[in-house]
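Have a look at query-v2.txt; it's compact mmCIF, C-alpha atoms and all ligand atoms:
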# COMPACT_ATOMS: atom_id res chain seq x y z
CA MET A 27 -22.52 -122.63 -12.67
CA ALA A 28 -23.37 -122.92 -8.97
CA ARG A 29 -27.08 -122.93 -8.27
CA ASP A 30 -28.99 -120.28 -6.39
CA ILE A 31 -29.67 -121.19 -2.76
CA LEU A 32 -31.23 -117.95 -1.59
CA ILE A 33 -33.55 -116.03 -3.89
CA MET A 34 -34.77 -112.58 -2.94
CA ASN A 35 -37.59 -111.09 -4.98
CA ASN A 36 -38.66 -107.45 -4.88
CA LEU A 37 -37.79 -106.83 -1.23
CA ASP A 38 -39.16 -103.54 -0.05
CA GLY A 39 -38.97 -102.12 3.43
CA GLY A 40 -37.76 -99.43 5.77
CA TYR A 41 -38.47 -97.68 9.02
CA GLU A 42 -41.71 -96.19 10.15
CA VAL A 43 -40.83 -93.29 12.38
CA PHE A 44 -42.79 -90.53 14.05
CA ILE A 45 -41.41 -87.04 13.87
CA GLY A 46 -42.12 -85.02 16.98
CA GLY A 47 -44.16 -88.00 18.21
CA LYS A 48 -46.87 -87.24 15.61
CA ARG A 49 -46.11 -87.05 11.92
CA ARG A 50 -45.54 -90.54 10.52
CA VAL A 51 -42.82 -90.85 7.88
CA PHE A 52 -41.36 -93.87 6.11
CA VAL A 53 -37.59 -94.16 5.61
CA HIS A 54 -37.55 -96.20 2.41
CA ALA A 55 -34.23 -97.97 3.01
CA VAL A 56 -34.72 -101.03 0.77
CA ASP A 57 -36.47 -100.32 -2.51
CA ASN A 58 -37.55 -103.26 -4.65
CA VAL A 59 -34.38 -105.33 -4.29
CA SER A 60 -34.04 -108.63 -6.16
CA LEU A 61 -30.88 -110.63 -5.72
CA THR A 62 -29.68 -114.23 -5.52
CA LEU A 63 -27.01 -115.91 -3.48
CA ARG A 64 -25.39 -118.96 -5.03
CA ASP A 65 -24.09 -122.12 -3.54
CA SER A 66 -20.56 -121.70 -2.23
CA GLU A 67 -19.99 -118.11 -3.30
CA VAL A 68 -19.03 -114.85 -1.66
CA LEU A 69 -21.52 -112.18 -2.65
CA GLY A 70 -20.50 -108.69 -1.57
CA ILE A 71 -22.93 -105.88 -0.81
CA ALA A 72 -21.19 -102.52 -1.31
CA GLY A 73 -22.30 -98.92 -0.96
CA GLU A 74 -21.77 -95.88 1.20
CA SER A 75 -23.04 -95.37 4.72
CA GLY A 76 -26.82 -95.20 5.05
CA CYS A 77 -27.62 -96.82 1.67
CA GLY A 78 -29.56 -99.66 3.30
CA LYS A 79 -27.05 -102.54 3.52
CA SER A 80 -27.80 -103.45 7.15
CA THR A 81 -31.53 -103.05 6.60
CA LEU A 82 -31.33 -105.50 3.70
CA ALA A 83 -29.38 -107.96 5.88
CA LYS A 84 -31.99 -107.76 8.65
CA MET A 85 -34.80 -108.31 6.16
CA ILE A 86 -33.09 -111.38 4.70
CA TYR A 87 -32.31 -112.88 8.10
CA GLY A 88 -35.76 -112.12 9.43
CA ALA A 89 -34.48 -109.94 12.27
CA ILE A 90 -37.47 -107.63 11.98
CA VAL A 91 -37.95 -105.44 15.01
CA PRO A 92 -40.02 -102.21 14.94
CA PRO A 93 -39.62 -99.61 13.58
CA LEU A 94 -38.34 -101.83 10.74
CA LEU A 95 -41.22 -102.75 8.50
CA VAL A 96 -41.18 -105.15 5.55
CA ARG A 97 -43.71 -103.92 2.99
CA SER A 98 -43.38 -106.60 0.34
CA GLY A 99 -41.18 -109.21 -1.27
CA SER A 100 -40.37 -112.88 -0.91
CA ILE A 101 -37.28 -114.87 0.06
CA PHE A 102 -36.80 -118.53 -0.89
CA LEU A 103 -34.18 -120.70 0.74
CA TYR A 104 -32.98 -124.10 -0.47
CA THR A 105 -32.25 -125.94 2.75
CA ARG A 106 -29.55 -128.57 3.31
CA ASP A 107 -32.06 -131.40 2.98
CA GLY A 108 -33.11 -130.19 -0.47
CA ASN A 109 -36.39 -128.48 0.45
CA VAL A 110 -37.38 -124.99 -0.58
CA VAL A 111 -38.87 -122.76 2.10
CA GLU A 112 -40.35 -119.33 1.72
CA LEU A 113 -38.77 -117.61 4.69
CA ASN A 114 -41.28 -114.82 5.04
CA ARG A 115 -44.10 -117.33 5.39
CA LEU A 116 -42.53 -119.06 8.39
CA SER A 117 -43.46 -118.03 11.91
CA ILE A 118 -40.73 -116.40 13.95
CA GLU A 119 -40.60 -119.56 16.09
CA GLU A 120 -40.00 -121.73 13.01
CA VAL A 121 -37.31 -119.35 11.76
CA ARG A 122 -35.61 -119.45 15.16
CA LYS A 123 -35.70 -123.21 15.53
CA LYS A 124 -35.08 -124.33 11.96
CA ILE A 125 -33.24 -121.58 10.14
CA TRP A 126 -31.14 -119.40 12.42
CA TRP A 127 -27.66 -120.76 13.18
CA LEU A 128 -28.42 -124.09 11.43
CA GLU A 129 -29.12 -122.99 7.86
CA MET A 130 -28.23 -119.31 8.05
CA SER A 131 -26.17 -117.27 10.50
CA TYR A 132 -25.92 -113.55 10.87
CA ILE A 133 -23.04 -111.51 12.20
CA PRO A 134 -24.66 -108.14 12.93
CA GLN A 135 -22.82 -104.84 12.54
CA ASN A 136 -20.81 -103.91 15.69
CA SER A 137 -21.39 -107.42 16.97
CA MET A 138 -18.17 -107.68 18.95
CA ASN A 139 -20.01 -105.74 21.62
CA VAL A 140 -22.95 -108.16 21.81
CA LEU A 141 -21.19 -110.75 23.96
CA ASN A 142 -22.61 -110.92 27.47
CA PRO A 143 -19.96 -109.28 29.70
CA LEU A 144 -20.95 -111.44 32.69
CA LYS A 145 -20.55 -114.80 30.98
CA ARG A 146 -17.45 -116.74 30.08
CA ILE A 147 -17.07 -117.43 26.35
CA LYS A 148 -17.81 -121.15 26.76
CA ASP A 149 -21.13 -120.38 28.48
CA GLN A 150 -22.15 -118.12 25.61
CA PHE A 151 -21.54 -121.02 23.20
CA ILE A 152 -23.27 -123.56 25.44
CA ASN A 153 -26.38 -121.35 25.53
CA VAL A 154 -26.65 -121.69 21.76
CA PHE A 155 -26.38 -125.48 22.01
CA LYS A 156 -29.08 -125.53 24.67
CA TYR A 157 -31.31 -123.30 22.60
CA HIS A 158 -31.24 -125.77 19.74
CA ASN A 159 -31.54 -128.82 22.03
CA MET A 160 -28.35 -130.21 20.54
CA GLU A 161 -27.61 -133.56 22.08
CA MET A 162 -23.88 -133.73 22.52
CA ASP A 163 -21.93 -134.78 25.55
CA LYS A 164 -19.97 -132.10 27.36
CA ASN A 165 -16.53 -133.30 26.24
CA GLU A 166 -17.69 -133.44 22.65
CA VAL A 167 -19.07 -129.88 22.90
CA MET A 168 -15.77 -128.63 24.35
CA ARG A 169 -13.79 -130.36 21.60
CA HIS A 170 -16.04 -128.83 18.94
CA LEU A 171 -15.67 -125.37 20.49
CA LYS A 172 -11.91 -125.61 20.61
CA ASP A 173 -11.82 -126.75 16.97
CA ILE A 174 -13.93 -123.80 15.86
CA LEU A 175 -11.87 -121.34 17.88
CA SER A 176 -8.64 -122.78 16.52
CA SER A 177 -9.95 -122.48 12.93
CA LEU A 178 -10.10 -118.75 13.66
CA SER A 179 -6.61 -118.79 15.23
CA LEU A 180 -7.91 -118.37 18.76
CA PRO A 181 -6.14 -120.30 21.56
CA PRO A 182 -8.24 -122.87 23.49
CA GLU A 183 -7.92 -120.85 26.74
CA VAL A 184 -10.29 -118.30 25.20
CA ILE A 185 -13.24 -120.47 26.23
CA ASN A 186 -12.60 -119.67 29.90
CA ALA A 187 -12.20 -115.92 29.38
CA TYR A 188 -14.75 -113.16 29.94
CA PRO A 189 -15.26 -110.83 26.95
CA HIS A 190 -13.43 -107.91 28.62
CA GLN A 191 -10.28 -110.03 28.88
CA LEU A 192 -10.06 -110.27 25.09
CA SER A 193 -8.91 -107.71 22.53
CA GLY A 194 -11.43 -106.25 20.06
CA GLY A 195 -10.05 -108.46 17.27
CA MET A 196 -10.39 -111.57 19.45
CA ARG A 197 -13.95 -110.68 20.46
CA GLN A 198 -14.83 -110.21 16.82
CA ARG A 199 -13.39 -113.64 16.01
CA VAL A 200 -15.35 -115.18 18.90
CA VAL A 201 -18.56 -113.73 17.43
CA ILE A 202 -17.64 -115.13 14.01
CA ALA A 203 -16.91 -118.52 15.65
CA LEU A 204 -20.35 -118.42 17.28
CA SER A 205 -21.98 -117.85 13.91
CA LEU A 206 -20.13 -120.87 12.47
CA LEU A 207 -21.02 -123.21 15.34
CA PHE A 208 -23.33 -125.49 13.37
CA ASN A 209 -21.59 -125.00 10.04
CA PRO A 210 -24.46 -123.08 8.41
CA ARG A 211 -24.87 -123.08 4.66
CA ILE A 212 -25.17 -119.31 4.56
CA VAL A 213 -23.49 -116.63 6.63
CA ILE A 214 -24.52 -112.99 6.40
CA ALA A 215 -21.68 -110.88 7.78
CA ASP A 216 -22.39 -107.18 8.25
CA GLU A 217 -19.16 -105.16 8.32
CA PRO A 218 -17.35 -107.94 10.20
CA THR A 219 -14.04 -106.08 10.28
CA THR A 220 -14.93 -102.40 10.31
CA ALA A 221 -14.32 -101.94 14.04
CA VAL A 222 -10.79 -103.38 14.02
CA ASP A 223 -7.45 -102.00 12.77
CA VAL A 224 -6.28 -102.78 9.23
CA VAL A 225 -3.78 -105.47 10.21
CA THR A 226 -6.38 -107.33 12.30
CA GLN A 227 -8.86 -106.77 9.48
CA ARG A 228 -6.59 -108.59 7.00
CA ILE A 229 -6.05 -111.48 9.44
CA ILE A 230 -9.80 -111.88 10.07
CA LEU A 231 -10.67 -111.66 6.38
CA SER A 232 -8.07 -114.32 5.52
CA LEU A 233 -9.50 -116.58 8.24
CA ILE A 234 -13.03 -116.10 6.91
CA ARG A 235 -11.77 -116.89 3.42
CA GLU A 236 -10.10 -120.06 4.63
CA TRP A 237 -13.21 -121.15 6.53
CA ARG A 238 -15.35 -120.58 3.45
CA GLU A 239 -13.05 -122.47 1.13
CA ASN A 240 -13.08 -125.45 3.51
CA SER A 241 -16.77 -125.37 4.38
CA LYS A 242 -18.08 -124.56 0.89
CA SER A 243 -20.71 -122.38 2.55
CA SER A 244 -22.01 -119.17 1.01
CA LEU A 245 -21.16 -115.79 2.42
CA MET A 246 -23.02 -112.54 1.98
CA LEU A 247 -20.43 -109.97 2.93
CA ILE A 248 -21.56 -106.43 3.66
CA SER A 249 -18.97 -103.68 3.64
CA HIS A 250 -18.71 -100.05 2.61
CA ASP A 251 -15.01 -100.71 1.92
CA MET A 252 -14.39 -101.55 -1.75
CA SER A 253 -10.93 -102.96 -0.99
CA VAL A 254 -12.60 -105.61 1.21
CA HIS A 255 -14.81 -106.55 -1.76
CA ALA A 256 -11.84 -106.70 -4.14
CA TYR A 257 -10.13 -109.12 -1.76
CA MET A 258 -13.08 -111.31 -0.77
CA ASP A 259 -15.92 -111.40 -3.29
CA ASP A 260 -16.83 -113.65 -6.19
CA ARG A 261 -19.70 -111.34 -7.18
CA VAL A 262 -20.50 -107.88 -5.91
CA ALA A 263 -23.79 -105.97 -5.73
CA VAL A 264 -23.57 -102.20 -5.41
CA MET A 265 -26.30 -100.47 -3.45
CA TYR A 266 -27.27 -96.82 -3.68
CA ALA A 267 -30.07 -95.24 -1.64
CA GLY A 268 -31.97 -98.50 -1.22
CA ASN A 269 -31.52 -99.76 -4.80
CA ILE A 270 -29.13 -102.36 -6.15
CA VAL A 271 -27.62 -100.40 -9.05
CA GLU A 272 -25.10 -102.92 -10.38
CA VAL A 273 -24.28 -106.60 -9.95
CA GLY A 274 -21.43 -108.51 -11.51
CA ASN A 275 -18.44 -110.75 -11.21
CA VAL A 276 -15.97 -108.88 -9.01
CA PHE A 277 -13.18 -108.84 -11.62
CA ASP A 278 -15.50 -107.44 -14.30
CA VAL A 279 -16.93 -104.78 -11.99
CA PHE A 280 -13.51 -103.56 -10.87
CA LYS A 281 -12.10 -103.72 -14.40
CA GLU A 282 -15.01 -101.98 -16.03
CA PRO A 283 -17.53 -100.47 -13.63
CA LEU A 284 -20.67 -99.57 -15.56
CA HIS A 285 -22.93 -97.56 -13.27
CA PRO A 286 -21.64 -94.00 -12.70
CA TYR A 287 -21.95 -94.61 -8.95
CA THR A 288 -19.83 -97.79 -9.10
CA ARG A 289 -17.28 -95.88 -11.17
CA ALA A 290 -17.08 -93.19 -8.51
CA LEU A 291 -16.66 -95.78 -5.73
CA ILE A 292 -13.83 -97.49 -7.57
CA GLU A 293 -12.13 -94.25 -8.62
CA SER A 294 -12.03 -93.13 -5.00
CA LEU A 295 -9.87 -96.17 -4.05
CA ILE A 296 -6.25 -95.42 -3.22
CA ARG A 297 -3.83 -97.23 -5.54
CA LYS A 298 -0.29 -98.19 -4.68
CA GLY A 299 2.24 -95.62 -6.00
CA ASP A 300 -0.43 -93.21 -7.24
CA LYS A 301 0.03 -89.83 -5.56
CA THR A 302 -2.77 -87.97 -7.29
CA ILE A 303 -5.57 -86.72 -5.08
CA ARG A 304 -8.52 -89.08 -5.39
CA LYS A 305 -11.72 -87.54 -6.57
CA GLY A 306 -14.54 -88.02 -4.10
CA LEU A 307 -18.17 -88.13 -5.20
CA ALA A 308 -19.76 -84.68 -5.03
CA GLY A 309 -23.03 -84.19 -3.14
CA GLN A 310 -24.79 -86.19 -0.45
CA PRO A 311 -26.86 -89.36 -0.57
CA PRO A 312 -30.56 -88.51 -0.82
CA ASP A 313 -33.07 -88.28 1.98
CA LEU A 314 -34.75 -91.69 2.04
CA VAL A 315 -38.00 -90.21 3.33
CA ASN A 316 -38.37 -88.17 0.14
CA PRO A 317 -36.07 -89.78 -2.40
CA PRO A 318 -35.61 -87.94 -5.71
CA PRO A 319 -37.92 -89.00 -8.56
CA GLY A 320 -36.56 -91.06 -11.45
CA CYS A 321 -33.13 -92.46 -10.74
CA ARG A 322 -32.21 -91.90 -7.09
CA PHE A 323 -28.61 -91.16 -8.18
CA HIS A 324 -29.44 -88.46 -10.75
CA PRO A 325 -28.70 -85.40 -8.53
CA ARG A 326 -25.08 -86.59 -8.17
CA CYS A 327 -24.62 -88.16 -11.59
CA PRO A 328 -22.31 -86.42 -14.09
CA PHE A 329 -24.17 -88.12 -16.95
CA ALA A 330 -27.74 -87.38 -15.86
CA MET A 331 -30.20 -86.97 -18.76
CA ASP A 332 -33.77 -85.71 -18.75
CA ILE A 333 -35.25 -89.17 -18.49
CA CYS A 334 -33.13 -89.89 -15.37
CA ARG A 335 -34.93 -87.08 -13.54
CA ARG A 336 -38.35 -88.43 -14.47
CA GLU A 337 -38.35 -92.20 -14.70
CA GLU A 338 -36.85 -94.97 -12.68
CA PRO A 339 -34.21 -96.78 -14.77
CA PRO A 340 -34.81 -100.39 -15.80
CA ALA A 341 -32.55 -103.21 -14.72
CA VAL A 342 -30.51 -103.90 -17.85
CA SER A 343 -28.94 -107.31 -18.21
CA LEU A 344 -25.58 -107.07 -19.98
CA GLY A 345 -24.21 -110.50 -20.62
CA LYS A 346 -23.37 -113.20 -18.19
CA ASP A 347 -23.94 -112.32 -14.55
CA ARG A 348 -23.98 -108.60 -15.14
CA TYR A 349 -26.77 -106.21 -14.61
CA VAL A 350 -26.96 -102.46 -14.23
CA LYS A 351 -29.85 -100.18 -13.34
CA CYS A 352 -29.09 -97.09 -15.41
CA TRP A 353 -30.63 -95.25 -18.37
CA LEU A 354 -27.21 -95.01 -20.07
CA TYR A 355 -27.51 -98.71 -20.91
CA ALA A 356 -31.24 -98.91 -21.59
CA SER A 357 -30.77 -98.97 -25.40
CA LYS A 358 -28.57 -102.06 -25.00
CA ARG A 359 -31.46 -104.12 -23.62
N1 LIG A 401 -33.99 -97.72 13.60
C1 LIG A 401 -34.05 -96.85 12.60
N2 LIG A 401 -35.02 -95.90 12.55
C2 LIG A 401 -35.10 -95.02 11.53
N3 LIG A 401 -34.27 -94.99 10.47
C3 LIG A 401 -33.29 -95.91 10.46
C4 LIG A 401 -33.12 -96.87 11.51
N4 LIG A 401 -32.04 -97.65 11.21
C5 LIG A 401 -31.56 -97.18 10.03
N5 LIG A 401 -32.30 -96.15 9.57
C6 LIG A 401 -32.12 -95.40 8.32
O1 LIG A 401 -32.23 -96.30 7.23
C7 LIG A 401 -31.29 -96.00 6.22
C8 LIG A 401 -30.46 -97.22 5.93
O2 LIG A 401 -29.71 -97.55 7.08
P1 LIG A 401 -28.74 -98.82 7.14
O3 LIG A 401 -28.29 -98.96 8.54
O4 LIG A 401 -29.42 -99.97 6.52
O5 LIG A 401 -27.53 -98.33 6.21
P2 LIG A 401 -26.10 -99.01 5.96
O6 LIG A 401 -25.89 -99.04 4.49
O7 LIG A 401 -26.00 -100.28 6.70
O8 LIG A 401 -25.10 -97.92 6.58
P3 LIG A 401 -23.68 -98.11 7.32
O9 LIG A 401 -22.65 -98.35 6.22
O10 LIG A 401 -23.47 -96.82 8.01
O11 LIG A 401 -23.79 -99.28 8.25
C9 LIG A 401 -30.48 -94.81 6.73
O12 LIG A 401 -31.06 -93.64 6.18
C10 LIG A 401 -30.70 -94.84 8.22
O13 LIG A 401 -30.63 -93.55 8.76
MG MG A 402 -24.83 -100.94 8.23

Spell out the structure here as structure tokens.
Ligand SMILES: Nc1ncnc2c1ncn2[C@@H]1O[C@H](COP(=O)(O)OP(=O)(O)OP(=O)(O)O)[C@@H](O)[C@H]1O
Ligand SMILES: [Mg+2]
Amino acid sequence: MARDILIMNNLDGGYEVFIGGKRRVFVHAVDNVSLTLRDSEVLGIAGESGCGKSTLAKMIYGAIVPPLLVRSGSIFLYTRDGNVVELNRLSIEEVRKKIWWLEMSYIPQNSMNVLNPLKRIKDQFINVFKYHNMEMDKNEVMRHLKDILSSLSLPPEVINAYPHQLSGGMRQRVVIALSLLFNPRIVIADEPTTAVDVVTQRIILSLIREWRENSKSSLMLISHDMSVHAYMDDRVAVMYAGNIVEVGNVFDVFKEPLHPYTRALIESLIRKGDKTIRKGLAGQPPDLVNPPPGCRFHPRCPFAMDICRREEPPAVSLGKDRYVKCWLYASKR
């Protein structure tokens, strides 16, 4: 089995916001999350809008800007040269110089709009080289850029274009190419295809898959779209209201989802030839300022028992690679 290269223990954080400029509240978006990313795998993070996926990504990458606040937890990274570093003990300068782009890259949500509109694509890439003091001659840099762009099916002329001259799908691929510039061991991609149409989405996902198979890097792929996970993931972690409620091999999870929330997500998928109306999940996700006691899913759960309303469920390990946070399985511990 591939070894763990990123280990996240009990991550806890959220947003400190002031209502009406006075009353301080805490949006508890990531609640005690423990997860591992293995060498050369695609780990999906699934869950509906607002459940904390992007917040988790920012916490892992170390992109912590107020009002985001990390309350506790630790993250260990096995670097390329075989060392282990505790990311949250590094200074922001160390993270910037040693980790970002080189060991770990991050494609933020809606990132196709982050390209500088006043700079040609090649200058945006060259800035990253300069930032890391990479010593490469200009021709070598250009060759490397063209290779990366071509691996994402972008023509070499793209390097001379301004962002507005490219389609949304091309801009998104340029951003992905930027993240792959130094062939990082880990890429965290937050909804990398949500802003593009379904045909472009398929093309981009296939290109990412091809890149990953060739590079043997690890990908943490965040998407609310379960069909993206079915297509891309090796393992999938399902998030609900700040908690990881189920983790497993993607085939096992789709074949036999265990957590009632995972079941609902998978049942709501449209299947070829099936004309029945898909059942959506009743109710709304909870308010993360005042989450419900016990299991955060209990108000929407068709199987809720008394204990679910009172006590937080334990994480139950059910065989190889499978764990579920639900009272229904607690007796199987
Ligand atoms: N800057 C912020 N200030 C206050 N609350 C925030 C901020 N950013 C996010 N939140 C809240 O934190 C919670 C988690 O948000 P997050 O963006 O992590 O969800 P998500 O799962 O990525 O959703 P989506 O699928 O829509 O991208 C939500 O309740 C959201 O409203
Ligand atoms: Mg998000």

Identify, on the basis of all atoms listed in the file, every residue whose closest approach to stretch 237-253 of chain A does not exceed 9 Å; exclude the query and any residue fewer than 5 positions from it along the same chain; express the result as a PyMOL selection string.
chain A and resi 31+63-75+79-80+83+177-178+209-220+232+258-259+291-292+295

Emit the selected residues as a CSV table (one decimal), in the coordinates of the input, including C-alpha atoms.
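again.csv was written with the following content:
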chain,number,residue,atom,x,y,z
A,31,ILE,CA,-29.7,-121.2,-2.8
A,63,LEU,CA,-27.0,-115.9,-3.5
A,64,ARG,CA,-25.4,-119.0,-5.0
A,65,ASP,CA,-24.1,-122.1,-3.5
A,66,SER,CA,-20.6,-121.7,-2.2
A,67,GLU,CA,-20.0,-118.1,-3.3
A,68,VAL,CA,-19.0,-114.8,-1.7
A,69,LEU,CA,-21.5,-112.2,-2.6
A,70,GLY,CA,-20.5,-108.7,-1.6
A,71,ILE,CA,-22.9,-105.9,-0.8
A,72,ALA,CA,-21.2,-102.5,-1.3
A,73,GLY,CA,-22.3,-98.9,-1.0
A,74,GLU,CA,-21.8,-95.9,1.2
A,75,SER,CA,-23.0,-95.4,4.7
A,79,LYS,CA,-27.0,-102.5,3.5
A,80,SER,CA,-27.8,-103.4,7.2
A,83,ALA,CA,-29.4,-108.0,5.9
A,177,SER,CA,-10.0,-122.5,12.9
A,178,LEU,CA,-10.1,-118.8,13.7
A,209,ASN,CA,-21.6,-125.0,10.0
A,210,PRO,CA,-24.5,-123.1,8.4
A,211,ARG,CA,-24.9,-123.1,4.7
A,212,ILE,CA,-25.2,-119.3,4.6
A,213,VAL,CA,-23.5,-116.6,6.6
A,214,ILE,CA,-24.5,-113.0,6.4
A,215,ALA,CA,-21.7,-110.9,7.8
A,216,ASP,CA,-22.4,-107.2,8.2
A,217,GLU,CA,-19.2,-105.2,8.3
A,218,PRO,CA,-17.4,-107.9,10.2
A,219,THR,CA,-14.0,-106.1,10.3
A,220,THR,CA,-14.9,-102.4,10.3
A,232,SER,CA,-8.1,-114.3,5.5
A,258,MET,CA,-13.1,-111.3,-0.8
A,259,ASP,CA,-15.9,-111.4,-3.3
A,291,LEU,CA,-16.7,-95.8,-5.7
A,292,ILE,CA,-13.8,-97.5,-7.6
A,295,LEU,CA,-9.9,-96.2,-4.0

Of the residues A:Arg122, A:Lys84, A:His285, A:His158, which is the one nearest to A:Ala330, using only C-alpha atoms?
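Among the listed residues, A:His285 lies closest to A:Ala330.
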
Calculated over all atoms listed in the file, which of the candidates A:Leu113, A:Met168, A:Glu236, A:Pro134 has the smallest distance to ligand MG 402 (chain A)?
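Answer, going by the shortest atom-to-atom distance: A:Pro134.
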
Pick out the closest residue to A:Thr81 from this set: A:Asn109, A:Gln191, A:Thr288, A:Asn269. Count all atoms listed in the file.
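Under the stated criterion, the closest residue is A:Asn269.
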
Report the distance between atom CA of A:Lys301 and atom CA of A:Leu231 in Å, rounded to one decimal place.
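We find that atom CA of A:Lys301 and atom CA of A:Leu231 lie 27.1 Å from each other.
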
So, counting all atoms listed in the file, which residue among A:Ile185, A:Cys327, A:Ile125, A:Leu180 is closest to A:Asp149?
A:Ile185

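For the choices A:Asn36, A:Asn136, A:Ser60, A:Ser193, the atom-to-atom distance to ligand LIG 401 (chain A) is smallest for A:Asn136 when using all atoms listed in the file.
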
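Across A:Met265, A:Met162, A:Ile270, A:Leu144, the tightest approach to ligand MG 402 (chain A) is made by A:Met265 when counting only C-alpha atoms and all ligand atoms.
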
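The gap separating atom CA of A:Asp313 from atom CA of A:Val271 is 17.3 Å, in Å to one decimal.
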
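Take atom CA of A:Ser100 and atom CA of A:Glu112: the distance between them is 7.0 Å.
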
List as a ChimeraX atom specification the protein and nucleic acid residues near A:Glu183, meaning an atom at most 12 Å away when all atoms listed in the file are counted, but skip any in the same chain fewer than 2 places from it.
/A:146-148,168,171-172,175-176,179-181,185-188,191-192

Contacts of A:Ser98 within 8 Å, only C-alpha atoms, excl. fewer than 6 positions in-chain, as a list in words:
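These residues fall inside the cut-off: Asn36, Leu37, Asp38 and Gly39 of chain A.
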
Filled-in N, CA and C atoms of stretch 60-78 of chain A, supplied as a tab-separated table (two decimals), in the frame of the given file:
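Below you can see out-v5.tsv, which holds the result:
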chain	number	residue	atom	x	y	z
A	60	SER	N	-34.03	-107.22	-5.78
A	60	SER	CA	-34.04	-108.63	-6.16
A	60	SER	C	-32.59	-109.07	-6.33
A	61	LEU	N	-32.28	-110.20	-5.74
A	61	LEU	CA	-30.88	-110.63	-5.72
A	61	LEU	C	-30.86	-112.13	-5.45
A	62	THR	N	-29.79	-112.81	-5.88
A	62	THR	CA	-29.68	-114.23	-5.52
A	62	THR	C	-28.31	-114.47	-4.91
A	63	LEU	N	-28.28	-115.46	-4.04
A	63	LEU	CA	-27.01	-115.91	-3.48
A	63	LEU	C	-26.83	-117.34	-3.96
A	64	ARG	N	-25.62	-117.63	-4.48
A	64	ARG	CA	-25.39	-118.96	-5.03
A	64	ARG	C	-24.68	-119.86	-4.04
A	65	ASP	N	-24.77	-121.15	-4.36
A	65	ASP	CA	-24.09	-122.12	-3.54
A	65	ASP	C	-22.59	-121.84	-3.54
A	66	SER	N	-22.01	-121.78	-2.36
A	66	SER	CA	-20.56	-121.70	-2.23
A	66	SER	C	-19.92	-120.45	-2.84
A	67	GLU	N	-20.60	-119.33	-2.77
A	67	GLU	CA	-19.99	-118.11	-3.30
A	67	GLU	C	-19.89	-117.03	-2.22
A	68	VAL	N	-19.05	-116.04	-2.49
A	68	VAL	CA	-19.03	-114.85	-1.66
A	68	VAL	C	-19.69	-113.74	-2.48
A	69	LEU	N	-20.82	-113.28	-1.99
A	69	LEU	CA	-21.52	-112.18	-2.65
A	69	LEU	C	-21.34	-110.94	-1.78
A	70	GLY	N	-20.72	-109.92	-2.33
A	70	GLY	CA	-20.50	-108.69	-1.57
A	70	GLY	C	-21.67	-107.73	-1.76
A	71	ILE	N	-21.97	-106.97	-0.69
A	71	ILE	CA	-22.93	-105.88	-0.81
A	71	ILE	C	-22.15	-104.61	-0.47
A	72	ALA	N	-22.00	-103.73	-1.49
A	72	ALA	CA	-21.19	-102.52	-1.31
A	72	ALA	C	-22.09	-101.30	-1.34
A	73	GLY	N	-21.54	-100.17	-0.91
A	73	GLY	CA	-22.30	-98.92	-0.96
A	73	GLY	C	-22.01	-98.08	0.27
A	74	GLU	N	-22.19	-96.76	0.11
A	74	GLU	CA	-21.77	-95.88	1.20
A	74	GLU	C	-22.73	-95.94	2.39
A	75	SER	N	-22.29	-95.33	3.47
A	75	SER	CA	-23.04	-95.37	4.72
A	75	SER	C	-24.48	-94.89	4.54
A	76	GLY	N	-25.42	-95.62	5.10
A	76	GLY	CA	-26.82	-95.20	5.05
A	76	GLY	C	-27.57	-95.66	3.82
A	77	CYS	N	-26.93	-96.45	2.92
A	77	CYS	CA	-27.62	-96.82	1.67
A	77	CYS	C	-28.59	-97.98	1.86
A	78	GLY	N	-28.57	-98.61	3.04
A	78	GLY	CA	-29.56	-99.66	3.30
A	78	GLY	C	-29.00	-101.07	3.41
